[in-house]
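Report on the following structure.
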Amino acid sequence: MTDKKIRTLLVDDEPLALRGLELRLSTFEDIEIIGTCANGREAIKKIRAERPALVFLDIQMPGFDGFAVVKALAKEEMPLVIFATAFDQYAIKAFEAHAQDYLLKPIDEDRLLESIVKVRETIQERITFEQNAKLINLIRSMNNPPTLELSEIINSQNLTLENNYESHLNIKDRGQITRVNIDSIEWIDAAGDYMCLHVADKTHILRETMKNMEKRLNPALFQRVHRSTIVNISRVVELQPTNGGKYQITLKSGAKLQVSRNYRDILAKFL
């Protein structure tokens with residue numbers, strides 16, 4: 001649990017839903033409800049003025065719906081967002097909006113607890129990252145910084161940075177959402193605006209661009225080896241030169257992928 005209160009805003013156009021959520025959240029000592037909003041426009045103003053750490057956001061509201069709220073604030077410092085709705089067809093869009101979580105009404109107590117635990121972990125990661133960054137800047141400003149200590153702190157920061165990358169992806173397949181662990185992905189190839197994620201003997205399809213997919217993955221684990229291919233370098237077992245200055249890599253699964261000449265500089269990561 002975090003040491004300080006988690007300032008929380010509730011947004012829903014149904015008064016009974018707001019009251020019910022308030023009552024459920026009152027059991028969490030670290031959740032501080034700083035206000036409620038009945039529509040999206042009001043929520044945008046309140047978020048900008050109050051800077052809450054967490055927002056429970058209804059999706060279906062007259063005028064500005066929940067997704068419009070997120071879009072309006074996309075270029076600003078965003079709070080963590082948990083979407084709450086009575087309709088499950090919005091789930092994939094909610095995950096694409098990088099929501100912290102997605103809850104169906106009526107909200108189950110166990111699912112609410114699970115969401116709050118995730119919020120606490122995310123906030124703690126952010127706090128740790130900010131503290132490490134401040135400490136590194138302080139030491140770097142010294143006339144004679146202690147090299148060993150600085151190195152150790154930087155390594156600590158790098159570990160924190162790794163934790164900030166996504167640990168799983170949510171894949172919609174025939175109406176169901178499958179959570180795929182990032183480290184289980186062997187390689188990813190592009191098919192237009194879709195990504196094919198190869199996991200063991202399965203291939204999952206995710207609507208995403210190659211550029212955005214790279215941003216979501218930890219570069220210490222995933223590297224682009226072709227304009228349309230990203231590989232999990234921990235799965236590489238063999239590297240062989242081929243014609244034209246190209247290379248072929250073999251994965252643990254036996255899959256063979258080509259490394260184009262434009263990406264030969266990443267070959268050292270496999271050695």
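Identifiers in this document derive from the order of the structure tokens: chains are assigned A, B, ..., residues are numbered from 1 separately in each chain, and ligands are numbered from 1 in order of occurrence.
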
Excluding same-chain residues fewer than 4 positions from region 71-79 of chain A, what lies within 12 Å of it counting only C-alpha atoms, as an MDAnalysis selection string?
chainID A and resid 6:9 40:41 43:57 64:67 94 96:100 119 122:123 126

Within 8 Å of Ile182 (chain A) using only C-alpha atoms, minus same-chain residues under 6 positions, as a VMD selection string
chain A and resid 166 to 169 217

Selected residues, N, CA and C atoms, written as a PDB file, in the first residue's frame, please.
ATOM      1  N   GLU A 166       5.176  -2.532 -20.620  1.00  0.00           N
ATOM      2  CA  GLU A 166       4.024  -3.390 -20.373  1.00  0.00           C
ATOM      3  C   GLU A 166       4.460  -4.839 -20.131  1.00  0.00           C
ATOM      4  N   SER A 167       3.798  -5.474 -19.181  1.00  0.00           N
ATOM      5  CA  SER A 167       4.114  -6.860 -18.851  1.00  0.00           C
ATOM      6  C   SER A 167       3.230  -7.839 -19.617  1.00  0.00           C
ATOM      7  N   HIS A 168       2.126  -7.334 -20.173  1.00  0.00           N
ATOM      8  CA  HIS A 168       1.232  -8.190 -20.942  1.00  0.00           C
ATOM      9  C   HIS A 168       0.479  -7.349 -21.970  1.00  0.00           C
ATOM     10  N   LEU A 169      -0.084  -8.018 -22.955  1.00  0.00           N
ATOM     11  CA  LEU A 169      -0.927  -7.375 -23.956  1.00  0.00           C
ATOM     12  C   LEU A 169      -2.302  -8.024 -23.914  1.00  0.00           C
ATOM     13  N   LEU A 217       7.281  -2.109 -26.005  1.00  0.00           N
ATOM     14  CA  LEU A 217       8.119  -3.244 -25.633  1.00  0.00           C
ATOM     15  C   LEU A 217       9.464  -2.787 -25.080  1.00  0.00           C
TER      16      LEU A 217
END

Just how far from CA of Arg261 (chain A) is CA of Arg224 (chain A), in Å to one decimal?
11.9 Å

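Those residues that approach Ile188 (chain A) to within 7 Å, counting only C-alpha atoms, are Met195, Cys196, Leu197, His198, Thr229, Ile230 and Val231 of chain A; same-chain residues fewer than 3 positions away are not listed.
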
Those residues you just picked out, can you put them in a file as a tab-separated table (two decimals), in the first residue's frame with N, CA and C atoms?
chain	number	residue	atom	x	y	z
A	195	MET	N	-0.57	-6.52	-36.01
A	195	MET	CA	0.62	-7.24	-35.57
A	195	MET	C	0.26	-8.71	-35.33
A	196	CYS	N	1.11	-9.60	-35.82
A	196	CYS	CA	0.95	-11.03	-35.56
A	196	CYS	C	1.93	-11.40	-34.45
A	197	LEU	N	1.40	-11.77	-33.29
A	197	LEU	CA	2.22	-12.11	-32.14
A	197	LEU	C	2.33	-13.64	-32.06
A	198	HIS	N	3.54	-14.14	-32.19
A	198	HIS	CA	3.76	-15.58	-32.20
A	198	HIS	C	4.17	-16.05	-30.81
A	229	THR	N	9.54	-6.93	-38.69
A	229	THR	CA	9.74	-8.01	-37.72
A	229	THR	C	10.43	-7.52	-36.46
A	230	ILE	N	9.87	-7.92	-35.31
A	230	ILE	CA	10.48	-7.69	-34.00
A	230	ILE	C	10.72	-9.05	-33.37
A	231	VAL	N	11.88	-9.25	-32.76
A	231	VAL	CA	12.20	-10.57	-32.19
A	231	VAL	C	12.52	-10.45	-30.71

Pick out the residues sitting within 10 Å of Arg111 (chain A), and hand them over as a ChimeraX atom specification; count only C-alpha atoms, and ignore anything fewer than 6 positions along from it in its own chain.
/A:101-104,117

Tell me which of A:Val70, A:Thr85, A:Gln124, A:Gln176 sits closest to Lys4 (chain A), counting only C-alpha atoms.
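Checking each candidate against Lys4 (chain A), we get A:Gln124 as the closest.
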
I'd like the contact shell of region 14-29 of chain A - 8 Å cut-off, only C-alpha atoms, skipping same-chain residues fewer than 5 positions apart - returned as an mmCIF file with C-alpha atoms, in the first residue's frame.
data_model
loop_
_atom_site.group_PDB
_atom_site.id
_atom_site.type_symbol
_atom_site.label_atom_id
_atom_site.label_comp_id
_atom_site.auth_asym_id
_atom_site.auth_seq_id
_atom_site.Cartn_x
_atom_site.Cartn_y
_atom_site.Cartn_z
ATOM 1 C CA LYS A 5 -3.679 8.958 -0.123
ATOM 2 C CA THR A 36 -17.616 13.435 -8.508
ATOM 3 C CA ALA A 38 -21.882 13.752 -13.903
ATOM 4 C CA GLU A 109 -15.960 -6.471 -4.855
#

Give me, please, the distance in Å between CA of Leu221 (chain A) and CA of Asn181 (chain A), quoted to one decimal.
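Spanning CA of Leu221 (chain A) to CA of Asn181 (chain A) is a straight-line distance of 12.9 Å.
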
Using only C-alpha atoms, which residues sit within 12 Å of Glu238 (chain A) once same-chain residues fewer than 3 positions away are excluded, as a PyMOL selection string?
chain A and resi 233-235+241+247-258+267+270-271
